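Source file: model-v6.txt (compact mmCIF, C-alpha atoms)
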```txt
# COMPACT_ATOMS: atom_id res chain seq x y z
CA MET D 38 12.39 -13.27 9.56
CA ARG D 39 15.09 -10.70 8.89
CA GLN D 40 13.97 -7.11 8.97
CA VAL D 41 14.58 -4.95 5.91
CA GLU D 42 15.73 -1.42 6.51
CA LEU D 43 13.67 1.07 4.54
CA ILE D 44 15.90 3.58 2.84
CA HIS D 45 13.39 5.80 1.05
CA ASP D 46 15.05 9.06 2.05
CA GLU D 47 18.54 8.19 0.84
CA PRO D 48 19.66 9.21 -2.65
CA VAL D 49 19.47 6.57 -5.34
CA PRO D 50 22.93 5.14 -6.10
CA THR D 51 24.38 6.32 -9.39
CA GLN D 52 26.22 3.13 -10.35
CA GLN D 53 23.64 0.90 -11.98
CA PRO D 54 24.03 -2.61 -13.35
CA GLU D 55 23.48 -3.33 -17.00
CA GLU D 56 19.82 -3.98 -17.86
CA ALA D 57 20.46 -7.71 -18.24
CA ASP D 58 21.95 -7.83 -14.72
CA TRP D 59 18.84 -6.45 -12.94
CA ARG D 60 17.34 -9.89 -12.42
CA ASP D 61 20.51 -11.24 -10.79
CA ALA D 62 21.00 -8.11 -8.67
CA VAL D 63 17.39 -8.21 -7.47
CA GLN D 64 17.52 -11.95 -6.74
CA THR D 65 20.73 -11.49 -4.74
CA PHE D 66 19.21 -8.61 -2.77
CA VAL D 67 16.07 -10.62 -1.99
CA SER D 68 18.11 -13.62 -0.84
CA GLN D 69 19.89 -11.31 1.62
CA ASN D 70 16.71 -9.40 2.56
CA PRO D 71 13.75 -11.80 2.57
CA GLY D 72 10.44 -10.00 2.46
CA ALA D 73 11.85 -6.88 0.80
CA ARG D 74 9.26 -4.92 -1.16
CA ALA D 75 9.92 -3.96 -4.78
CA ILE D 76 10.03 -0.26 -3.86
CA ASP D 77 12.71 -0.93 -1.23
CA ILE D 78 14.68 -3.09 -3.65
CA ALA D 79 14.55 -0.26 -6.19
CA TYR D 80 15.92 2.27 -3.71
CA ALA D 81 18.67 -0.07 -2.56
CA LEU D 82 19.82 -1.02 -6.06
CA GLY D 83 19.22 2.25 -7.89
CA CYS D 84 16.70 0.80 -10.32
CA THR D 85 13.04 1.64 -10.79
CA GLU D 86 10.27 -0.21 -9.00
CA ALA D 87 9.10 -1.44 -12.42
CA GLN D 88 12.54 -2.98 -13.07
CA ALA D 89 12.54 -4.62 -9.63
CA LEU D 90 9.03 -6.05 -10.11
CA SER D 91 9.94 -7.32 -13.55
CA ALA D 92 13.01 -9.06 -12.13
CA LEU D 93 10.93 -10.64 -9.33
CA SER D 94 8.41 -12.04 -11.80
CA ASP D 95 8.38 -15.39 -13.57
CA PHE D 96 7.23 -13.69 -16.77
CA ALA D 97 7.12 -9.98 -17.62
CA TRP D 98 6.00 -8.15 -20.73
CA GLU D 99 6.52 -4.44 -21.35
CA ILE D 100 3.51 -2.83 -22.99
CA SER D 101 3.59 0.70 -24.35
CA ALA D 102 1.34 3.29 -22.70
CA GLU D 103 -0.04 3.82 -26.21
CA ASP D 104 -1.76 0.44 -25.78
CA LEU D 105 -3.50 1.44 -22.54
CA ALA D 106 -6.95 1.50 -24.19
CA ARG D 107 -6.36 -2.05 -25.44
CA VAL D 108 -5.33 -3.20 -21.94
CA LEU D 109 -8.39 -1.53 -20.36
CA THR D 110 -10.63 -3.21 -22.94
CA GLU D 111 -9.09 -6.55 -21.96
CA ILE D 112 -9.72 -5.86 -18.27
CA SER D 113 -13.33 -4.91 -19.02
CA ILE D 114 -13.90 -8.44 -20.36
CA TRP D 115 -12.72 -10.07 -17.14
CA GLU D 116 -15.44 -11.35 -14.84
CA ARG D 117 -13.95 -9.62 -11.80
CA THR D 118 -10.69 -7.84 -11.15
CA MET D 119 -8.82 -6.92 -8.00
CA VAL D 120 -7.59 -3.34 -8.26
CA LEU D 121 -4.69 -2.37 -6.03
CA VAL D 122 -3.92 1.34 -5.86
CA ARG D 123 -1.00 2.65 -3.89
CA ASN D 124 1.61 5.22 -3.25
CA GLN D 125 4.64 4.94 -0.99
CA ASP D 126 2.57 5.38 2.15
CA ALA D 127 -0.80 3.75 1.48
CA VAL D 128 -2.43 0.79 -0.25
CA ALA D 129 -6.08 0.23 -1.13
CA GLU D 130 -7.55 -2.89 -2.72
CA VAL D 131 -11.04 -3.32 -4.08
CA GLU D 132 -12.57 -6.09 -6.17
CA VAL D 133 -14.65 -4.72 -9.02
CA PRO D 134 -16.61 -6.13 -11.95
CA GLY D 135 -14.54 -5.92 -15.12
CA GLU D 136 -17.27 -4.28 -17.17
CA GLY D 137 -18.07 -1.58 -14.60
CA GLY D 138 -15.22 0.80 -15.37
CA TYR D 139 -15.45 3.75 -17.72
CA VAL D 140 -12.93 6.32 -18.94
CA SER D 141 -13.55 10.06 -18.67
CA GLY D 142 -10.63 12.15 -19.85
CA ASP D 143 -7.47 11.05 -17.98
CA TRP D 144 -9.50 9.08 -15.43
CA LEU D 145 -10.73 5.50 -15.15
CA ASN D 146 -13.77 5.32 -12.87
CA TRP D 147 -15.82 2.63 -11.13
CA ILE D 148 -18.90 3.93 -9.32
CA ASP D 149 -20.73 1.56 -7.00
CA GLU D 150 -23.08 2.02 -4.05
CA ASP D 151 -20.28 0.72 -1.78
CA TYR D 152 -17.33 2.66 -3.23
CA ASN D 153 -16.12 5.16 -5.81
CA LEU D 154 -12.79 4.40 -7.47
CA HIS D 155 -11.06 7.02 -9.61
CA LEU D 156 -7.66 6.28 -11.18
CA ARG D 157 -5.69 8.91 -13.09
CA ILE D 158 -4.63 6.68 -15.95
CA GLY D 159 -3.20 9.73 -17.71
CA ALA D 160 -0.14 9.25 -15.46
CA THR D 161 0.65 5.92 -17.17
CA ARG D 162 4.01 5.90 -18.98
CA GLN D 163 4.38 2.13 -19.28
CA ILE D 164 2.40 -1.03 -18.55
CA LEU D 165 3.94 -4.20 -17.19
CA ALA D 166 2.11 -7.48 -17.56
CA LEU D 167 3.46 -9.81 -14.87
CA VAL D 168 3.10 -13.42 -13.79
CA ARG D 169 4.43 -14.00 -10.28
CA ARG D 170 4.34 -16.91 -7.89
CA GLY D 171 1.95 -16.32 -5.02
CA LYS D 172 0.86 -18.13 -1.87
CA ARG D 173 -2.24 -19.44 -3.67
CA GLY D 174 -0.67 -20.01 -7.08
CA PRO D 175 0.48 -17.67 -9.81
CA THR D 176 -0.84 -14.11 -9.98
CA HIS D 177 -1.51 -12.42 -13.32
CA SER D 178 -1.54 -8.63 -13.37
CA PHE D 179 -1.36 -5.50 -15.47
CA ASN D 180 0.67 -2.82 -13.68
CA LEU D 181 0.44 0.87 -14.55
CA VAL D 182 3.82 2.59 -14.21
CA ASN D 183 4.27 6.36 -13.87
CA ARG D 184 7.13 8.54 -15.15
CA GLU D 185 9.23 7.82 -12.03
CA GLY D 186 9.06 4.08 -12.74
CA ARG D 187 6.67 3.44 -9.82
CA VAL D 188 3.68 1.16 -10.08
CA PHE D 189 0.65 3.17 -8.97
CA CYS D 190 -2.09 0.74 -9.94
CA ARG D 191 -2.30 -3.02 -10.41
CA PHE D 192 -5.14 -5.06 -11.94
CA TYR D 193 -5.17 -8.75 -10.92
CA THR D 194 -7.19 -11.51 -12.52
CA ARG D 195 -9.49 -13.31 -10.08
CA ASN D 196 -10.20 -16.64 -11.80
CA GLN D 197 -8.64 -19.22 -14.11
CA GLY D 198 -10.56 -18.12 -17.21
CA ASP D 199 -9.43 -14.51 -16.88
CA SER D 200 -5.84 -15.66 -16.20
CA GLU D 201 -5.92 -17.64 -19.46
CA ARG D 202 -7.27 -14.57 -21.30
CA PHE D 203 -4.47 -12.49 -19.74
CA LEU D 204 -1.81 -14.91 -21.04
CA ALA D 205 -3.38 -15.01 -24.51
CA PHE D 206 -3.41 -11.19 -24.57
CA CYS D 207 0.28 -11.06 -23.60
CA GLN D 208 1.28 -13.34 -26.48
CA ALA D 209 1.15 -10.31 -28.80
CA TYR D 210 3.91 -8.70 -26.72
CA GLU D 211 6.31 -11.61 -26.53
CA PRO D 212 9.71 -10.94 -28.06
CA GLU D 213 11.07 -13.15 -30.82
CA GLY D 214 11.97 -16.57 -29.50
CA GLY D 215 8.99 -16.80 -27.11
CA GLY D 216 8.72 -16.10 -23.43
CA GLY D 217 8.32 -12.79 -21.66
CA LEU D 218 11.20 -10.57 -20.57
CA ASN D 219 12.18 -12.87 -17.74
CA SER D 220 11.24 -16.27 -19.05
CA ASP D 221 13.85 -18.93 -19.43
CA ASP D 222 12.46 -19.95 -22.83
```

Mind turning the file's structure into structure tokens?
Amino acid sequence: MRQVELIHDEPVPTQQPEEADWRDAVQTFVSQNPGARAIDIAYALGCTEAQALSALSDFAWEISAEDLARVLTEISIWERTMVLVRNQDAVAEVEVPGEGGYVSGDWLNWIDEDYNLHLRIGATRQILALVRRGKRGPTHSFNLVNREGRVFCRFYTRNQGDSERFLAFCQAYEPEGGGGLNSDD
């Protein structure tokens, strides 16, 4: 496997491709750098992590941060959800019951005897709903994006029923002509 050089400390290039060219630019970069993470792709190409993730996905829907309460209500109906929280230097994953979360001010909280999870959802500027190929089949996730275009929290479905609910939810955000942002429909 080819190693990918991490270039986090270098300035982001100023020449950026047109929005429609992100998918091709990301695919080309990944073909030359297998295993590259979305954050590294973003730094290398001068796009945001959200743009890189969208380009790497089979389907992607942009959801306004104004619809965050609606997205959280959808997640609360799921049987279980995998929550991935990260910054550039750390990742934490925890599986939680969908109905266990509650909002208090800018925070989404899950309190359990085994863990306490507190997410500052007030930092959300955009939500990406993504379907990506995974080792065990497609993954379905809502991704909270901050003002820098970085994904700081991801909610994955954990079963087929919740994945079907996720897709039905996303139908409201499909552009005219069907398909998500990156579908070939």

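Counting all atoms listed in the file, the residue from D:Arg169, D:Arg162, D:Arg187, D:His177 that sits nearest to Glu103 (chain D) is D:Arg162.
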
Separating CA of Gln69 (chain D) from CA of Pro175 (chain D), to the nearest tenth of an Å, is a gap of 23.4 Å

Do you know which residues are at most 6 Å from region 83-91 of chain D counting only C-alpha atoms, after dropping those on the same chain fewer than 3 positions away, and could you put them as a PDB file with C-alpha atoms, keeping the file's coordinate frame?
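The result, stored in part00.pdb:
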```
ATOM      1  CA  VAL D  49      19.470   6.570  -5.340  1.00  0.00           C
ATOM      2  CA  PRO D  50      22.930   5.140  -6.100  1.00  0.00           C
ATOM      3  CA  ALA D  75       9.920  -3.960  -4.780  1.00  0.00           C
ATOM      4  CA  ILE D  76      10.030  -0.260  -3.860  1.00  0.00           C
ATOM      5  CA  ALA D  79      14.550  -0.260  -6.190  1.00  0.00           C
ATOM      6  CA  TYR D  80      15.920   2.270  -3.710  1.00  0.00           C
ATOM      7  CA  SER D  94       8.410 -12.040 -11.800  1.00  0.00           C
ATOM      8  CA  ALA D  97       7.120  -9.980 -17.620  1.00  0.00           C
ATOM      9  CA  GLY D 186       9.060   4.080 -12.740  1.00  0.00           C
ATOM     10  CA  ARG D 187       6.670   3.440  -9.820  1.00  0.00           C
TER      11      ARG D 187
END
```

Distance in Å - CA of Phe203 (chain D) versus CA of Trp147 (chain D): 20.8 Å

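For the pair CA of Ala127 (chain D) and CA of His155 (chain D), the separation is 15.5 Å.
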
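The nearest approach to Asn146 (chain D) among the residues D:Leu82, D:Gln197, D:Asp77, D:Val120, with only C-alpha atoms taken into account, belongs to D:Val120.
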
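Of the residues listed (D:Ala92, D:Val122, D:Pro134, D:Thr176), D:Ala92 shows the shortest atom-to-atom separation from Asp61 (chain D); distances use all atoms listed in the file.
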